[in-house]
>>> print(open('coords.tsv').read())   # TSV, C-alpha atoms
chain	number	residue	atom	x	y	z
B	30	MET	CA	72.36	95.48	129.08
B	31	SER	CA	75.89	96.49	128.01
B	32	THR	CA	78.76	94.14	128.75
B	33	VAL	CA	82.14	95.03	130.24
B	34	LEU	CA	85.24	92.84	130.44
B	35	VAL	CA	87.60	93.77	133.30
B	36	VAL	CA	91.24	92.62	133.13
B	37	ASP	CA	93.32	92.89	136.32
B	38	ASP	CA	95.74	90.48	137.99
B	39	ASN	CA	94.82	91.84	141.44
B	40	ALA	CA	91.75	90.07	142.84
B	41	VAL	CA	90.87	92.90	145.25
B	42	ASP	CA	91.01	95.53	142.48
B	43	ARG	CA	88.91	93.32	140.21
B	44	MET	CA	86.19	93.02	142.82
B	45	ALA	CA	86.31	96.76	143.54
B	46	VAL	CA	85.85	97.55	139.84
B	47	ARG	CA	82.95	95.11	139.59
B	48	GLY	CA	81.29	96.81	142.56
B	49	LEU	CA	81.66	100.28	141.04
B	50	LEU	CA	80.26	99.22	137.66
B	51	GLU	CA	77.36	97.21	139.01
B	52	LYS	CA	76.41	100.08	141.27
B	53	ALA	CA	76.19	102.35	138.18
B	54	GLY	CA	73.54	100.02	136.73
B	55	GLY	CA	72.90	98.70	133.26
B	56	LEU	CA	76.27	96.97	133.00
B	57	SER	CA	76.99	93.25	133.01
B	58	VAL	CA	80.56	92.69	134.24
B	59	ARG	CA	82.92	89.80	133.50
B	60	LEU	CA	86.29	89.50	135.29
B	61	VAL	CA	89.55	87.91	134.11
B	62	ASP	CA	93.00	87.93	135.73
B	63	SER	CA	95.42	88.20	132.78
B	64	GLY	CA	95.86	89.38	129.21
B	65	ASN	CA	95.80	85.84	127.88
B	66	ALA	CA	92.58	85.12	129.77
B	67	ALA	CA	91.13	88.31	128.27
B	68	LEU	CA	91.96	87.22	124.72
B	69	GLU	CA	90.39	83.82	125.41
B	70	ALA	CA	87.26	85.52	126.82
B	71	LEU	CA	87.07	87.70	123.67
B	72	ARG	CA	87.12	84.61	121.48
B	73	GLN	CA	84.01	83.40	123.34
B	74	SER	CA	82.08	86.68	123.29
B	75	VAL	CA	82.98	90.27	122.47
B	76	PRO	CA	82.00	92.80	125.16
B	77	ASP	CA	80.92	96.39	124.55
B	78	VAL	CA	83.79	97.85	126.60
B	79	ILE	CA	87.09	96.50	127.99
B	80	ILE	CA	88.77	97.87	131.11
B	81	THR	CA	92.34	96.80	131.73
B	82	ASP	CA	95.08	97.23	134.27
B	83	LEU	CA	98.45	98.14	132.76
B	84	VAL	CA	101.03	96.43	134.93
B	85	MET	CA	100.42	92.70	134.81
B	86	PRO	CA	102.71	89.65	134.59
B	87	GLU	CA	103.09	87.83	131.23
B	88	MET	CA	101.26	90.36	129.08
B	89	ASP	CA	101.17	94.03	130.11
B	90	GLY	CA	98.36	96.42	129.24
B	91	PHE	CA	100.16	97.83	126.18
B	92	SER	CA	100.63	94.38	124.59
B	93	LEU	CA	97.02	93.53	125.38
B	94	VAL	CA	95.73	96.75	123.80
B	95	LYS	CA	97.75	96.06	120.64
B	96	ALA	CA	96.37	92.51	120.43
B	97	ILE	CA	92.77	93.65	120.99
B	98	VAL	CA	92.95	96.58	118.54
B	99	ALA	CA	94.33	94.26	115.85
B	100	THR	CA	91.35	91.91	116.06
B	101	TYR	CA	88.53	93.87	117.69
B	102	PRO	CA	89.16	97.51	116.70
B	103	GLN	CA	85.53	98.43	117.38
B	104	VAL	CA	85.72	97.67	121.13
B	105	PRO	CA	86.75	100.69	123.23
B	106	ILE	CA	89.41	100.02	125.87
B	107	VAL	CA	89.72	101.96	129.13
B	108	LEU	CA	93.08	101.86	130.89
B	109	MET	CA	93.43	101.90	134.67
B	110	THR	CA	96.66	103.76	135.34
B	111	GLY	CA	98.66	103.70	138.52
B	112	TYR	CA	101.86	105.34	139.69
B	113	GLY	CA	104.71	104.07	137.49
B	114	SER	CA	102.54	102.99	134.58
B	115	GLU	CA	102.41	106.34	132.80
B	116	GLU	CA	104.73	105.34	129.97
B	117	ILE	CA	102.79	102.15	129.24
B	118	ALA	CA	99.59	104.21	129.32
B	119	VAL	CA	100.89	106.70	126.75
B	120	ASN	CA	101.96	103.82	124.48
B	121	ALA	CA	98.60	102.08	124.93
B	122	LEU	CA	96.69	105.26	124.08
B	123	HIS	CA	98.82	105.63	120.93
B	124	ALA	CA	98.06	102.00	120.13
B	125	GLY	CA	94.33	102.68	120.21
B	126	ALA	CA	93.00	102.65	123.77
B	127	ALA	CA	89.97	104.96	124.07
B	128	SER	CA	90.46	106.47	127.50
B	129	TYR	CA	92.14	106.11	130.89
B	130	VAL	CA	91.23	106.51	134.52
B	131	PRO	CA	93.83	106.87	137.32
B	132	LYS	CA	93.44	104.07	139.85
B	133	SER	CA	93.33	106.70	142.57
B	134	HIS	CA	90.10	108.10	141.01
B	135	LEU	CA	88.32	104.90	140.08
B	136	SER	CA	85.40	105.46	142.42
B	137	SER	CA	84.57	108.88	140.99
B	138	LEU	CA	85.49	108.44	137.29
B	139	LEU	CA	85.39	104.81	136.16
B	140	ALA	CA	81.63	104.20	135.92
B	141	GLU	CA	81.07	107.63	134.36
B	142	THR	CA	83.77	106.97	131.72
B	143	VAL	CA	82.34	103.55	130.85
B	144	LEU	CA	78.76	104.86	130.65
B	145	LYS	CA	79.87	107.67	128.32
B	146	LEU	CA	81.52	105.13	126.02
B	147	VAL	CA	78.42	102.94	126.10
B	148	GLU	CA	76.30	105.94	125.12
B	149	ILE	CA	78.64	106.77	122.20
B	150	LEU	CA	78.45	103.13	121.06
B	151	ARG	CA	74.67	103.21	121.23
B	152	GLN	CA	74.54	106.38	119.13
B	153	GLN	CA	76.94	104.89	116.58
B	154	GLU	CA	74.80	101.77	116.37
B	155	GLN	CA	71.66	103.86	115.76
B	156	GLN	CA	73.52	105.87	113.14
B	157	GLN	CA	74.55	102.64	111.39
B	158	ARG	CA	70.96	101.41	111.50
B	159	LEU	CA	69.77	104.67	109.98
B	160	ILE	CA	72.44	104.66	107.25
B	161	GLY	CA	71.47	101.07	106.51
B	162	ARG	CA	67.95	102.30	105.65
B	163	LEU	CA	69.20	104.98	103.24
B	164	MET	CA	67.49	104.39	99.89
B	165	ARG	CA	68.89	107.14	97.75
B	166	GLN	CA	71.44	109.89	97.86
B	167	ASP	CA	71.63	112.83	95.46
B	168	CYS	CA	74.28	115.49	95.48
B	169	GLU	CA	75.67	118.17	93.24
B	170	PHE	CA	79.05	119.93	93.24
B	171	GLU	CA	80.45	122.94	91.45
B	172	LEU	CA	84.22	122.56	91.27
B	173	ASP	CA	87.11	124.71	90.11
B	174	SER	CA	89.43	123.07	87.62
B	175	ASP	CA	91.66	121.84	90.42
B	176	PRO	CA	92.93	118.29	89.89
B	177	ARG	CA	93.74	117.98	93.60
B	178	LEU	CA	90.00	117.73	94.25
B	179	VAL	CA	89.61	114.65	92.09
B	180	PRO	CA	90.64	112.00	94.66
B	181	SER	CA	88.45	113.68	97.31
B	182	ILE	CA	85.32	113.76	95.21
B	183	VAL	CA	85.86	110.16	94.06
B	184	HIS	CA	86.23	109.14	97.70
B	185	TYR	CA	83.03	111.02	98.57
B	186	MET	CA	81.08	109.23	95.82
B	187	ILE	CA	82.39	105.82	96.88
B	188	ARG	CA	81.27	106.57	100.42
B	189	GLY	CA	77.85	107.43	98.96
B	190	LEU	CA	77.76	104.05	97.24
B	191	ARG	CA	78.60	102.30	100.50
B	192	CYS	CA	75.89	104.22	102.37
B	193	VAL	CA	73.18	102.80	100.12
B	194	GLY	CA	74.58	99.29	100.48
B	195	HIS	CA	77.05	98.91	97.61
B	196	SER	CA	80.17	97.98	99.53
B	197	ASP	CA	81.63	95.48	97.08
B	198	GLU	CA	85.31	96.38	96.70
B	199	SER	CA	85.49	95.55	93.01
B	200	ILE	CA	82.52	97.83	92.28
B	201	SER	CA	84.18	100.62	94.27
B	202	ILE	CA	87.40	100.26	92.31
B	203	ARG	CA	85.64	100.16	88.92
B	204	VAL	CA	83.58	103.26	89.71
B	205	SER	CA	86.67	105.02	91.10
B	206	VAL	CA	88.64	104.44	87.90
B	207	ALA	CA	85.77	105.62	85.67
B	208	LEU	CA	85.07	108.72	87.79
B	209	GLU	CA	88.74	109.69	87.93
B	210	GLU	CA	89.00	109.46	84.16
B	211	ALA	CA	85.82	111.48	83.60
B	212	LEU	CA	86.84	114.19	86.07
B	213	ASN	CA	90.37	114.49	84.70
B	214	ASN	CA	88.93	114.69	81.17
B	215	ALA	CA	86.58	117.48	82.26
B	216	ILE	CA	89.40	119.45	83.86
B	217	TYR	CA	92.25	118.95	81.39
B	218	HIS	CA	90.62	118.30	78.03
B	219	GLY	CA	87.40	120.19	78.74
B	220	ASN	CA	88.02	123.31	80.79
B	221	LEU	CA	91.74	123.74	80.17
B	222	GLU	CA	91.52	122.60	76.51
B	223	LEU	CA	94.70	120.56	76.70
B	224	SER	CA	95.38	117.55	74.50
B	225	SER	CA	97.05	114.28	75.45
B	226	ALA	CA	99.30	114.74	72.43
B	227	LEU	CA	100.81	117.87	73.95
B	228	ARG	CA	101.44	116.05	77.23
B	229	GLU	CA	103.25	113.32	75.35
B	230	LEU	CA	105.29	115.72	73.30
B	231	ASP	CA	106.63	117.72	76.20
B	232	ALA	CA	105.42	116.97	79.72
B	233	ALA	CA	107.26	119.96	81.20
B	234	GLU	CA	105.60	122.38	78.79
B	235	TYR	CA	102.25	120.69	79.40
B	236	ARG	CA	102.67	121.19	83.12
B	237	GLU	CA	103.54	124.84	82.62
B	238	ILE	CA	100.48	125.40	80.40
B	239	VAL	CA	98.25	123.76	83.02
B	240	ARG	CA	99.62	126.20	85.59
B	241	GLN	CA	99.12	129.21	83.32
B	242	ARG	CA	95.63	128.32	82.16
B	243	ARG	CA	94.40	127.74	85.69
B	244	GLU	CA	95.05	131.45	86.19
B	245	GLN	CA	94.06	132.72	82.73
B	246	SER	CA	90.68	133.77	81.40
B	247	PRO	CA	88.51	132.10	80.11
B	248	TYR	CA	89.95	128.84	81.48
B	249	CYS	CA	90.14	129.89	85.11
B	250	GLU	CA	86.44	130.87	85.22
B	251	ARG	CA	85.26	127.49	84.02
B	252	LYS	CA	83.77	125.03	86.46
B	253	VAL	CA	83.17	121.31	86.55
B	254	TYR	CA	79.66	120.30	87.59
B	255	VAL	CA	79.23	116.89	89.14
B	256	ARG	CA	75.81	115.47	89.87
B	257	ALA	CA	75.36	112.08	91.50
B	258	GLU	CA	72.15	110.09	91.94
B	259	ILE	CA	72.93	106.99	93.92
B	260	SER	CA	70.22	104.46	94.70
B	261	ARG	CA	70.05	100.77	95.45
B	262	ASP	CA	69.33	100.03	91.78
B	263	GLU	CA	71.92	102.20	90.11
B	264	ALA	CA	74.46	105.00	90.43
B	265	ARG	CA	74.34	107.77	87.86
B	266	PHE	CA	77.12	110.36	87.70
B	267	ARG	CA	76.79	113.34	85.39
B	268	ILE	CA	79.97	115.35	84.81
B	269	ARG	CA	79.84	118.55	82.83
B	270	ASP	CA	82.62	120.97	82.02
B	271	GLN	CA	82.46	124.42	80.43
B	272	GLY	CA	84.94	123.79	77.64
B	273	PRO	CA	84.08	123.74	73.93
B	274	GLY	CA	83.24	120.01	73.95
B	275	PHE	CA	84.59	117.23	71.77
B	276	ASP	CA	83.38	114.47	69.49
B	277	PRO	CA	83.89	111.15	71.28
B	278	GLN	CA	83.63	109.39	67.89
B	279	SER	CA	86.87	111.09	66.90
B	280	LEU	CA	88.88	109.17	69.51
B	281	PRO	CA	90.99	106.30	68.21
B	282	ASP	CA	90.18	102.82	69.51
B	283	PRO	CA	93.15	102.34	71.84
B	284	THR	CA	92.72	98.55	71.86
B	285	ASP	CA	93.34	98.37	68.11
B	286	PRO	CA	97.00	97.21	67.95
B	287	SER	CA	97.78	99.92	65.42
B	288	ASN	CA	96.58	102.54	67.92
B	289	LEU	CA	98.41	101.20	70.97
B	290	ASP	CA	100.90	104.05	70.72
B	291	GLN	CA	98.22	106.75	70.37
B	292	PRO	CA	98.21	109.15	73.31
B	293	SER	CA	94.43	109.53	73.59
B	294	GLY	CA	91.34	107.41	74.04
B	295	ARG	CA	92.36	105.20	76.96
B	296	GLY	CA	90.43	107.19	79.59
B	297	VAL	CA	87.13	106.86	77.70
B	298	MET	CA	87.91	103.18	77.07
B	299	LEU	CA	88.33	102.57	80.81
B	300	MET	CA	85.06	104.41	81.53
B	301	ARG	CA	83.25	102.25	78.99
B	302	THR	CA	84.83	99.09	80.37
B	303	PHE	CA	84.01	99.66	84.00
B	304	MET	CA	80.58	101.31	83.82
B	305	ASP	CA	77.42	99.79	82.40
B	306	GLU	CA	76.64	102.83	80.31
B	307	VAL	CA	78.61	105.89	79.22
B	308	LEU	CA	76.60	108.57	77.46
B	309	PHE	CA	78.06	111.71	75.91
B	310	GLU	CA	75.76	114.64	75.28
B	311	PRO	CA	75.89	115.89	71.67
B	312	CYS	CA	77.58	119.10	72.85
B	313	GLY	CA	80.53	116.93	73.94
B	314	ASN	CA	81.14	118.54	77.31
B	315	GLU	CA	78.88	116.35	79.42
B	316	VAL	CA	79.19	112.69	80.15
B	317	THR	CA	76.90	110.45	82.17
B	318	LEU	CA	78.32	107.31	83.76
B	319	VAL	CA	75.86	104.67	84.88
B	320	LYS	CA	76.50	101.64	87.09
B	321	ARG	CA	73.59	99.25	87.63
B	322	PHE	CA	73.27	96.88	90.55
B	323	ALA	CA	71.64	93.48	90.55
B	324	PRO	CA	68.59	93.33	92.85
G	14	MET	CA	103.80	118.94	105.93
G	15	SER	CA	106.16	116.59	104.12
G	16	GLU	CA	105.85	116.24	100.35
G	17	ILE	CA	104.24	113.16	98.91
G	18	GLN	CA	106.71	110.80	97.29
G	19	PHE	CA	105.45	109.14	94.13
G	20	LEU	CA	108.39	106.99	93.06
G	21	ALA	CA	111.16	104.91	94.57
G	22	ILE	CA	114.06	104.19	92.23
G	23	GLU	CA	116.68	101.52	92.80
G	24	ARG	CA	119.60	101.02	90.46
G	25	THR	CA	121.80	97.99	89.91
G	26	GLU	CA	124.55	97.76	87.30
G	27	THR	CA	122.30	96.93	84.35
G	28	SER	CA	118.80	97.35	85.65
G	29	LEU	CA	116.53	99.88	87.25
G	30	VAL	CA	113.63	99.12	89.55
G	31	VAL	CA	111.01	101.88	89.61
G	32	ALA	CA	108.25	101.46	92.18
G	33	LEU	CA	105.15	103.61	91.96
G	34	LEU	CA	104.28	104.46	95.54
G	35	GLN	CA	100.82	105.87	94.84
G	36	ASN	CA	98.32	106.40	92.12
G	37	VAL	CA	99.03	109.24	89.73
G	38	GLY	CA	96.02	111.10	88.40
G	39	CYS	CA	97.82	113.62	86.22
G	40	PHE	CA	101.23	114.91	85.18
G	41	SER	CA	100.54	118.26	86.80
G	42	GLN	CA	100.36	116.78	90.32
G	43	ASP	CA	102.64	118.99	92.38
G	44	ASN	CA	105.85	117.07	92.73
G	45	PHE	CA	105.19	114.06	90.54
G	46	PHE	CA	106.68	115.45	87.35
G	47	PRO	CA	110.24	116.07	88.67
G	48	GLU	CA	110.28	112.53	90.07
G	49	TRP	CA	109.06	111.10	86.79
G	50	ARG	CA	111.64	113.15	84.87
G	51	ALA	CA	114.36	111.70	87.14
G	52	ALA	CA	113.09	108.17	86.47
G	53	LEU	CA	113.14	108.75	82.70
G	54	ASP	CA	116.66	110.19	82.92
G	55	ALA	CA	117.84	107.16	84.90
G	56	ALA	CA	116.16	104.82	82.39
G	57	ALA	CA	117.88	106.63	79.52
G	58	ASP	CA	121.31	105.55	80.78
G	59	PRO	CA	122.72	103.23	78.05
G	60	LYS	CA	124.01	100.84	80.73
G	61	VAL	CA	120.43	100.09	81.83
G	62	ALA	CA	119.22	97.06	79.87
G	63	THR	CA	116.00	96.49	81.80
G	64	VAL	CA	113.61	98.63	83.76
G	65	VAL	CA	111.29	96.85	86.18
G	66	LEU	CA	108.15	98.87	86.98
G	67	SER	CA	106.64	97.70	90.26
G	68	LEU	CA	102.95	98.49	90.81
G	69	ARG	CA	102.69	96.77	94.19
G	70	ARG	CA	101.36	99.84	96.00
G	71	LEU	CA	98.54	100.49	93.53
G	72	PRO	CA	95.30	98.56	94.04
G	73	TYR	CA	94.14	100.22	90.83
G	74	PHE	CA	95.25	102.85	88.36
G	75	GLY	CA	93.94	104.68	85.32
G	76	SER	CA	94.99	106.02	81.96
G	77	MET	CA	97.73	108.22	83.41
G	78	VAL	CA	99.72	105.22	84.65
G	79	LEU	CA	99.11	103.50	81.31
G	80	GLU	CA	100.44	106.54	79.50
G	81	MET	CA	103.53	106.70	81.73
G	82	THR	CA	104.16	103.02	81.14
G	83	LEU	CA	103.93	103.51	77.40
G	84	GLN	CA	106.23	106.53	77.53
G	85	LEU	CA	108.85	104.51	79.40
G	86	GLU	CA	108.46	101.51	77.10
G	87	ARG	CA	108.97	103.66	74.01
G	88	LEU	CA	112.06	105.31	75.46
G	89	LEU	CA	113.59	101.91	76.22
G	90	ARG	CA	112.51	100.23	72.99
G	91	ALA	CA	114.17	102.99	70.97
G	92	ARG	CA	117.56	101.93	72.27
G	93	GLY	CA	116.95	98.19	72.48
G	94	ALA	CA	116.31	98.03	76.23
G	95	LYS	CA	113.30	96.44	77.85
G	96	LEU	CA	110.48	97.35	80.25
G	97	VAL	CA	108.83	94.68	82.39
G	98	LEU	CA	106.07	95.00	84.98
G	99	CYS	CA	105.72	93.23	88.29
G	100	GLN	CA	103.65	93.04	91.49
G	101	VAL	CA	100.47	94.02	89.69
G	102	SER	CA	97.21	93.72	91.67
G	103	PRO	CA	94.42	91.55	90.23
G	104	PHE	CA	92.50	94.65	89.26
G	105	GLY	CA	95.65	96.21	87.81
G	106	ARG	CA	96.04	93.11	85.62
G	107	GLU	CA	92.47	93.58	84.43
G	108	ILE	CA	93.22	97.18	83.46
G	109	LEU	CA	96.39	96.08	81.60
G	110	ARG	CA	94.38	93.37	79.83
G	111	VAL	CA	91.61	95.78	78.83
G	112	ALA	CA	94.20	98.20	77.42
G	113	ARG	CA	96.02	95.27	75.69
G	114	PHE	CA	99.19	96.15	77.57
G	115	ASP	CA	99.52	92.53	78.65
G	116	ARG	CA	100.39	91.77	75.02
G	117	LEU	CA	103.00	94.49	74.94
G	118	LEU	CA	104.80	93.92	78.24
G	119	PRO	CA	105.81	90.87	80.29
G	120	ILE	CA	104.27	90.82	83.77
G	121	PHE	CA	106.01	89.05	86.67
G	122	LYS	CA	104.90	88.28	90.19
G	123	THR	CA	107.94	89.65	91.99
G	124	VAL	CA	110.84	92.04	91.38
G	125	GLU	CA	113.24	89.10	91.74
G	126	GLU	CA	111.42	87.08	89.05
G	127	ALA	CA	111.40	90.10	86.77
G	128	LEU	CA	115.13	90.69	87.26
G	129	THR	CA	115.97	87.01	86.76
G	130	ALA	CA	114.03	86.85	83.52
G	131	ALA	CA	115.37	90.17	82.29
G	132	PRO	CA	118.05	90.34	79.60
G	133	HIS	CA	121.52	91.37	80.79
G	134	ARG	CA	124.19	92.98	78.77
>>> encode(input="coords.tsv", output="structure tokens")
Amino acid sequence: MSTVLVVDDNAVDRMAVRGLLEKAGGLSVRLVDSGNAALEALRQSVPDVIITDLVMPEMDGFSLVKAIVATYPQVPIVLMTGYGSEEIAVNALHAGAASYVPKSHLSSLLAETVLKLVEILRQQEQQQRLIGRLMRQDCEFELDSDPRLVPSIVHYMIRGLRCVGHSDESISIRVSVALEEALNNAIYHGNLELSSALRELDAAEYREIVRQRREQSPYCERKVYVRAEISRDEARFRIRDQGPGFDPQSLPDPTDPSNLDQPSGRGVMLMRTFMDEVLFEPCGNEVTLVKRFAP
Amino acid sequence: MSEIQFLAIERTETSLVVALLQNVGCFSQDNFFPEWRAALDAAADPKVATVVLSLRRLPYFGSMVLEMTLQLERLLRARGAKLVLCQVSPFGREILRVARFDRLLPIFKTVEEALTAAPHR
């Protein structure tokens, strides 16, 4: 049975709302007479849906919505709006309330609105249960050499990690850094054949060459291929560009004090630091990043 | 749609506080380069003895931010001025440590601490 907390300072309205909800069936209703009483009730148990009046002494509906959203953002809030409370209602909806029902239409709309929200919650819960059973996720992308896509694809992969149960923030950050470096390498050094040394020498010229090559053949035809195999045991990201390739052995060790000023090598170093394995194919235009997870 | 702002620059008589407002993936990002150019120009002013680079808004960053930091440090070192870092996230500190930048640059908790410890002319 779904639970509903009703907040209204008017005893008659509270009872009327209880009647409407109980008549709809499947709802267990709890009544409180103020915003403070509602917050206290939430500390004891969190309902599935909250219905609140807007004009109340001490704490109005807007302040209550803000307080609830800050602590219980997952609980949908339905506002009961009356004549004169429109401005508070608009503010409360901006603050995160899910819906509103005019007090003049409670009998026809309130139960229906609450039941719809309960159904959405139930579907979300099932979806979460299903996602929680996801064992493995494979995907493959073919990308243009457009650096603006890098943050989006990294975000997509991190979401993939979370879906199979790897939600640790520090893992997400480590994988994000390594993926960003690998993707930027594939675009700039691989497909566009640009060196870090040029960027250091003249960043304006570098920027102009990036712009030109993204429109020039053969650079503009080249793609970046990203393949991800994410399971509960490990995440494996394969990133391939269509440039001429490079010899990773030729990179200076950027942690050697004498190389600290060198423009290149730091991206690969970060990949190697934050992933468990970094494998370059002999052709030099494909890298595989592996992150393993403890059972 | 408003343009993304990458840097906030604040100038006092002898110091410059540059705050990175978001992660920078590459120099070719649409409007990052002009902002970075403006920061380098401001840092090149001979009256500026110290530049404080605040990384407060970055939970993490990659080689591009390291490269920018190095570029700024070199520019300042060449004329006897100093770069210091502050407000670095725990993960940011790890990245700086891995890249050995923690040996190259002082890191402070706050902008105020960085400015207090900074040399004045």
>>> interface_residues(input="coords.tsv", of="chain B", to="chain G", cutoff="7 Å", atoms="all atoms listed in the file", output="JSON, numbers by chain")
{"B": [202, 206, 210, 236, 284, 295, 296]}
>>> residues_near_point(input="coords.tsv", point="(75.3, 117.5, 71.7)", cutoff="12 Å", atoms="all atoms listed in the file", output="ChimeraX atom specification")
/B:273-277,308-316
>>> write_last_selection(input="coords.tsv", atoms="C-alpha atoms", output="PDB file, in the coordinates of the input")
ATOM      1  CA  PRO B 273      84.080 123.740  73.930  1.00  0.00           C
ATOM      2  CA  GLY B 274      83.240 120.010  73.950  1.00  0.00           C
ATOM      3  CA  PHE B 275      84.590 117.230  71.770  1.00  0.00           C
ATOM      4  CA  ASP B 276      83.380 114.470  69.490  1.00  0.00           C
ATOM      5  CA  PRO B 277      83.890 111.150  71.280  1.00  0.00           C
ATOM      6  CA  LEU B 308      76.600 108.570  77.460  1.00  0.00           C
ATOM      7  CA  PHE B 309      78.060 111.710  75.910  1.00  0.00           C
ATOM      8  CA  GLU B 310      75.760 114.640  75.280  1.00  0.00           C
ATOM      9  CA  PRO B 311      75.890 115.890  71.670  1.00  0.00           C
ATOM     10  CA  CYS B 312      77.580 119.100  72.850  1.00  0.00           C
ATOM     11  CA  GLY B 313      80.530 116.930  73.940  1.00  0.00           C
ATOM     12  CA  ASN B 314      81.140 118.540  77.310  1.00  0.00           C
ATOM     13  CA  GLU B 315      78.880 116.350  79.420  1.00  0.00           C
ATOM     14  CA  VAL B 316      79.190 112.690  80.150  1.00  0.00           C
TER      15      VAL B 316
END
>>> atom_distance(input="coords.tsv", atom1="atom CA of G:Leu89", atom2="atom CA of B:His218")
28.3 Å
>>> closest_residue(input="coords.tsv", among="B:Gly194, B:Val297, B:Gln278, B:Glu222", to="B:Leu208", atoms="only C-alpha atoms")
B:Val297
>>> atom_distance(input="coords.tsv", atom1="atom CA of B:Glu237", atom2="atom CA of B:Ser279")
26.7 Å
>>> atom_distance(input="coords.tsv", atom1="atom CA of G:Leu33", atom2="atom CA of G:Ser67")
6.3 Å
>>> axis_aligned_box(input="coords.tsv", around="stretch 198-207 of chain B", padding_each_side="5 Å", output="lines of an AutoDock Vina configuration file")
center_x = 85.6
center_y = 100.6
center_z = 91.2
size_x = 16.1
size_y = 20.1
size_z = 21.0
